[in-house]
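Colleague: For reference, this is query_17.txt, and it has compact mmCIF, C-alpha atoms.
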```txt
# COMPACT_ATOMS: atom_id res chain seq x y z
CA ASP A 1 106.08 22.60 -24.00
CA ALA A 2 102.81 24.34 -23.18
CA LYS A 3 100.46 24.77 -26.12
CA THR A 4 99.22 28.16 -24.93
CA THR A 5 100.46 31.74 -24.88
CA GLN A 6 99.50 34.14 -22.09
CA PRO A 7 100.68 37.60 -21.05
CA THR A 8 103.24 37.47 -18.29
CA SER A 9 101.38 39.82 -15.97
CA MET A 10 98.27 41.95 -15.65
CA ASP A 11 96.84 44.39 -13.16
CA CYS A 12 93.20 44.86 -12.26
CA ALA A 13 91.41 47.27 -9.92
CA GLU A 14 89.45 45.71 -7.09
CA GLY A 15 85.76 45.38 -7.99
CA ARG A 16 86.39 45.55 -11.71
CA ALA A 17 86.24 42.67 -14.17
CA ALA A 18 89.52 40.91 -14.87
CA ASN A 19 89.82 39.63 -18.44
CA LEU A 20 92.70 37.20 -18.94
CA PRO A 21 93.49 36.26 -22.55
CA CYS A 22 94.98 33.04 -23.85
CA ASN A 23 96.06 32.00 -27.32
CA HIS A 24 95.94 28.33 -28.30
CA SER A 25 96.14 28.37 -32.07
CA THR A 26 97.21 24.70 -32.39
CA ILE A 27 94.33 23.28 -30.35
CA SER A 28 92.92 19.99 -31.66
CA GLY A 29 89.25 19.23 -32.10
CA ASN A 30 89.05 16.97 -29.03
CA GLU A 31 91.07 19.18 -26.69
CA TYR A 32 89.56 21.22 -23.91
CA VAL A 33 90.63 24.59 -22.58
CA TYR A 34 91.24 24.54 -18.82
CA TRP A 35 91.93 27.38 -16.43
CA TYR A 36 93.64 26.95 -13.07
CA ARG A 37 95.07 29.47 -10.66
CA GLN A 38 97.80 29.24 -8.06
CA ILE A 39 97.87 31.48 -5.05
CA HIS A 40 101.33 31.90 -3.57
CA SER A 41 102.65 28.78 -1.78
CA GLN A 42 99.53 26.74 -2.51
CA GLY A 43 98.66 24.07 -5.04
CA PRO A 44 96.80 25.02 -8.20
CA GLN A 45 93.02 25.40 -8.00
CA TYR A 46 90.71 24.42 -10.84
CA ILE A 47 88.57 27.28 -12.12
CA ILE A 48 86.70 26.26 -15.25
CA HIS A 49 87.01 24.39 -18.52
CA GLY A 50 85.29 24.33 -21.89
CA LEU A 51 85.34 22.70 -25.31
CA LYS A 52 83.70 25.17 -27.68
CA ASN A 53 80.76 26.75 -25.91
CA ASN A 54 81.11 29.57 -23.45
CA GLU A 55 80.95 28.41 -19.85
CA THR A 56 80.10 30.06 -16.55
CA ASN A 57 80.32 28.88 -12.97
CA GLU A 58 80.42 30.50 -9.55
CA MET A 59 84.03 31.53 -9.98
CA ALA A 60 84.35 32.78 -13.54
CA SER A 61 83.24 32.81 -17.15
CA LEU A 62 85.12 31.31 -20.07
CA ILE A 63 84.70 32.78 -23.52
CA ILE A 64 86.08 30.67 -26.39
CA THR A 65 86.29 32.12 -29.88
CA GLU A 66 84.40 30.39 -32.65
CA ASP A 67 87.61 29.11 -34.26
CA ARG A 68 88.77 27.95 -30.79
CA LYS A 69 92.18 29.51 -31.28
CA SER A 70 91.87 31.79 -28.27
CA SER A 71 89.88 32.24 -25.10
CA THR A 72 89.33 34.71 -22.29
CA LEU A 73 88.81 34.00 -18.62
CA ILE A 74 86.61 36.60 -16.96
CA LEU A 75 86.52 37.23 -13.23
CA PRO A 76 83.46 39.52 -13.05
CA HIS A 77 84.28 41.36 -9.83
CA ALA A 78 87.91 40.87 -8.90
CA THR A 79 88.88 40.93 -5.22
CA LEU A 80 92.27 41.13 -3.57
CA ARG A 81 92.06 37.38 -2.94
CA ASP A 82 92.01 36.79 -6.69
CA THR A 83 95.67 37.85 -6.89
CA ALA A 84 97.37 34.72 -8.25
CA VAL A 85 99.05 33.15 -11.25
CA TYR A 86 96.45 32.04 -13.76
CA TYR A 87 97.22 29.12 -16.06
CA CYS A 88 95.47 28.43 -19.36
CA ILE A 89 95.96 24.79 -20.41
CA VAL A 90 94.90 22.79 -23.42
CA SER A 91 94.32 19.12 -22.71
CA GLY A 92 92.53 16.12 -24.07
CA GLY A 93 89.62 16.09 -21.62
CA SER A 94 89.25 13.17 -19.24
CA GLN A 95 92.23 11.32 -20.71
CA GLY A 96 94.70 14.13 -21.10
CA ASN A 97 97.45 15.27 -18.78
CA LEU A 98 97.94 18.92 -17.87
CA ILE A 99 101.00 20.75 -19.19
CA PHE A 100 101.45 23.97 -17.21
CA GLY A 101 103.13 26.98 -18.80
CA LYS A 102 104.23 30.10 -16.96
CA GLY A 103 100.75 31.60 -16.72
CA THR A 104 99.67 35.17 -16.13
CA LYS A 105 100.38 36.83 -12.81
CA LEU A 106 97.25 38.82 -11.99
CA SER A 107 97.61 41.53 -9.37
CA VAL A 108 94.35 42.94 -8.04
CA LYS A 109 94.92 46.36 -6.51
CA PRO A 110 92.76 48.37 -4.11
CA SER B 1 84.25 15.13 -1.19
CA GLN B 2 87.80 14.18 -1.98
CA THR B 3 90.77 15.05 0.24
CA ILE B 4 94.49 14.78 -0.48
CA HIS B 5 97.02 14.43 2.34
CA GLN B 6 100.70 15.07 1.75
CA TRP B 7 103.49 14.84 4.25
CA PRO B 8 105.71 16.21 5.35
CA ALA B 9 104.72 19.80 4.61
CA THR B 10 108.35 20.93 4.55
CA LEU B 11 111.59 19.00 4.37
CA VAL B 12 115.29 19.89 4.37
CA GLN B 13 117.60 17.13 3.17
CA PRO B 14 121.33 17.00 2.36
CA VAL B 15 122.58 16.16 -1.11
CA GLY B 16 122.93 12.42 -1.57
CA SER B 17 120.32 11.49 1.01
CA PRO B 18 117.24 9.40 0.18
CA LEU B 19 113.74 10.80 -0.17
CA SER B 20 110.25 9.48 0.40
CA LEU B 21 107.19 11.68 -0.01
CA GLU B 22 103.78 10.24 0.60
CA CYS B 23 100.41 11.18 -0.80
CA THR B 24 97.14 9.61 0.32
CA VAL B 25 93.66 10.40 -0.91
CA GLU B 26 90.21 10.06 0.62
CA GLY B 27 86.71 10.28 -0.74
CA THR B 28 87.31 8.58 -4.06
CA SER B 29 88.33 5.18 -5.36
CA ASN B 30 90.58 4.17 -8.25
CA PRO B 31 91.63 7.73 -9.02
CA ASN B 32 94.26 8.78 -11.54
CA LEU B 33 97.07 10.20 -9.42
CA TYR B 34 99.85 12.63 -10.37
CA TRP B 35 103.12 13.98 -9.00
CA TYR B 36 104.20 17.47 -10.06
CA ARG B 37 107.24 19.54 -9.14
CA GLN B 38 107.56 23.31 -9.16
CA ALA B 39 111.09 24.66 -8.92
CA ALA B 40 111.53 28.16 -7.52
CA GLY B 41 110.13 30.73 -9.96
CA ARG B 42 109.15 28.07 -12.47
CA GLY B 43 105.95 26.45 -13.70
CA LEU B 44 104.63 23.05 -12.67
CA GLN B 45 106.30 20.05 -14.24
CA LEU B 46 104.48 16.72 -14.44
CA LEU B 47 106.77 13.99 -13.08
CA PHE B 48 104.67 10.83 -12.85
CA TYR B 49 101.11 9.68 -13.19
CA SER B 50 99.32 6.48 -12.27
CA VAL B 51 96.03 5.03 -13.48
CA GLY B 52 96.00 2.20 -10.94
CA ILE B 53 97.89 0.10 -8.40
CA GLY B 54 101.39 -0.69 -9.63
CA GLN B 55 100.92 1.34 -12.85
CA ILE B 56 103.33 4.26 -13.15
CA SER B 57 104.12 6.42 -16.16
CA SER B 58 107.14 8.72 -16.10
CA GLU B 59 107.06 12.00 -17.96
CA VAL B 60 110.59 13.23 -17.26
CA PRO B 61 113.72 11.06 -16.89
CA GLN B 62 115.47 11.88 -13.62
CA ASN B 63 116.71 10.34 -10.39
CA LEU B 64 113.19 10.17 -8.96
CA SER B 65 110.80 7.22 -8.95
CA ALA B 66 107.19 6.70 -7.97
CA SER B 67 105.17 3.81 -6.67
CA ARG B 68 101.52 3.12 -6.02
CA PRO B 69 101.29 0.26 -3.52
CA GLN B 70 97.63 0.87 -2.71
CA ASP B 71 94.70 2.38 -4.57
CA ARG B 72 94.80 5.62 -2.57
CA GLN B 73 98.53 5.88 -1.89
CA PHE B 74 101.14 7.41 -4.16
CA ILE B 75 104.79 7.63 -3.14
CA LEU B 76 107.63 9.66 -4.64
CA SER B 77 111.15 8.47 -3.90
CA SER B 78 114.79 9.06 -4.61
CA LYS B 79 117.86 7.08 -3.61
CA LYS B 80 120.20 10.09 -3.77
CA LEU B 81 118.96 13.66 -3.86
CA LEU B 82 120.51 16.33 -6.06
CA LEU B 83 120.47 20.08 -5.45
CA SER B 84 118.23 20.39 -8.51
CA ASP B 85 115.57 18.28 -6.75
CA SER B 86 114.66 21.23 -4.55
CA GLY B 87 111.14 22.46 -5.15
CA PHE B 88 107.48 22.30 -4.30
CA TYR B 89 106.08 18.78 -4.83
CA LEU B 90 102.38 18.44 -5.46
CA CYS B 91 100.20 15.37 -5.59
CA ALA B 92 96.97 15.58 -7.58
CA LEU B 93 94.05 13.39 -8.46
CA ARG B 94 91.79 13.56 -11.48
CA LEU B 95 88.09 14.05 -11.04
CA THR B 96 85.86 13.70 -14.11
CA TYR B 97 87.63 16.42 -16.06
CA GLU B 98 89.61 18.56 -13.64
CA GLN B 99 92.54 17.79 -11.39
CA TYR B 100 92.43 18.45 -7.67
CA PHE B 101 95.73 19.29 -5.97
CA GLY B 102 97.01 18.56 -2.50
CA PRO B 103 98.73 21.03 -0.15
CA GLY B 104 102.22 20.13 -1.34
CA THR B 105 105.62 19.39 0.21
CA ARG B 106 108.33 22.01 0.03
CA LEU B 107 111.71 20.26 -0.32
CA THR B 108 115.04 22.02 0.11
CA VAL B 109 118.14 20.05 -0.75
CA THR B 110 121.27 21.52 0.87
```
Please express the file's structure as structure tokens.

Modeller:
Amino acid sequence: DAKTTQPTSMDCAEGRAANLPCNHSTISGNEYVYWYRQIHSQGPQYIIHGLKNNETNEMASLIITEDRKSSTLILPHATLRDTAVYYCIVSGGSQGNLIFGKGTKLSVKP
Amino acid sequence: SQTIHQWPATLVQPVGSPLSLECTVEGTSNPNLYWYRQAAGRGLQLLFYSVGIGQISSEVPQNLSASRPQDRQFILSSKKLLLSDSGFYLCALRLTYEQYFGPGTRLTVT
């Protein structure tokens, strides 16, 4: 079973920031938080990952709480092409396998 | 950069028929390789992973098997397909931390 809890769906207006929450209260000290997304009929795409510090790349930002029990993926300026299912996954870094849950279906609307 | 090839892209097979799906990778050597399945409306399920030639680990007992005859080749097989084998089959490789997914094969068992 997935070790994370995410809302089933969310809506976001085009051009606004999309903030996707994830709870992972049982995360272990050596486990990373990963975010992937899956656009319809395609394979999942890696977005970002982090251990305990906040991370930012060209796609998104990842904010991890100090106790590491939850995190938020931020898409700063959502576009229609960001409509996808977003998966939050907890895994043991370079040695761990990914266990996908049901994710959050993000709909970006004009 | 790495590339994953999967074929065929789509496949329709009758119940009881054999199956062979092939995945080949380019641009990397000795990768960890993975097979996932996504049934309609469901999340991704890890089926097999391999850390090297001839080394296969199974995550879910079923009528499927996997083989890795060459460093960059990963094959998913079945001797007799079931209706429940229908789904979207994805091959993935692990980079340093993240996994990179191929385009997938959509299998319909009739």

Colleague: Give the answer as one residue: which of A:Thr83, A:Ser70, A:Ser107, A:Thr56 has the shortest atom-to-atom distance to A:Thr4, using all atoms listed in the file?

Modeller: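 Nearest candidate to A:Thr4 out of A:Thr83, A:Ser70, A:Ser107, A:Thr56: A:Ser70.
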
Colleague: Could you give me, as CSV, a per-residue list for chain B showing, wherever an atom lies at most 10 Å from an atom of chain A, the closest pair of atoms and their distance in Å to one decimal, using all atoms listed in the file and sorting by chain then residue number from low to high?

Modeller:
```
residue,atom,partner,partner_atom,distance
B:Asn32,CA,A:Gln95,CA,9.7
B:Tyr34,CA,A:Asn97,CA,9.1
B:Tyr36,CA,A:Gly43,CA,10.0
B:Gln38,CA,A:Gly43,CA,9.8
B:Gly41,CA,A:Lys102,CA,9.2
B:Arg42,CA,A:Lys102,CA,7.0
B:Gly43,CA,A:Lys102,CA,5.2
B:Leu44,CA,A:Phe100,CA,5.6
B:Gln45,CA,A:Phe100,CA,6.9
B:Leu46,CA,A:Ile99,CA,7.1
B:Tyr49,CA,A:Asn97,CA,8.7
B:Phe88,CA,A:Ser41,CA,8.5
B:Tyr89,CA,A:Gly43,CA,9.1
B:Leu90,CA,A:Gly43,CA,6.8
B:Cys91,CA,A:Gly43,CA,8.9
B:Ala92,CA,A:Gly43,CA,9.0
B:Arg94,CA,A:Ser94,CA,8.2
B:Leu95,CA,A:Ser94,CA,8.3
B:Thr96,CA,A:Ser94,CA,6.2
B:Tyr97,CA,A:Ser94,CA,4.8
B:Glu98,CA,A:Tyr46,CA,6.6
B:Gln99,CA,A:Tyr46,CA,6.9
B:Tyr100,CA,A:Tyr46,CA,7.0
B:Phe101,CA,A:Gly43,CA,5.7
B:Gly102,CA,A:Gly43,CA,6.3
B:Pro103,CA,A:Gly43,CA,5.8
B:Gly104,CA,A:Gly43,CA,6.5
B:Thr105,CA,A:Gly43,CA,9.9
B:Arg106,CA,A:Ser41,CA,9.0
```

Colleague: For atom CA of B:Leu76 and atom CA of B:Ala39, determine how far apart the two atoms are, in Å to one decimal place.

Modeller: 16.0 Å

Colleague: Quick one: pull the distance between atom CA of B:Gly27 and atom CA of B:Ser67, Å, one decimal.

Modeller: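 Distance between the two atoms: 20.4 Å.
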
Colleague: Excluding stretch 11-19 of chain A and any residue of its chain fewer than 6 positions from it, enumerate the residues within 10 Å of it, using all atoms listed in the file, and give them as number ranges by chain.

Modeller: A: 60-63, 71-83, 105-110

Colleague: Take atom CA of B:Ala66 and atom CA of B:Glu26 and report the distance between them in Å, one decimal.

Modeller: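 Separation of atom CA of B:Ala66 and atom CA of B:Glu26: 19.3 Å.
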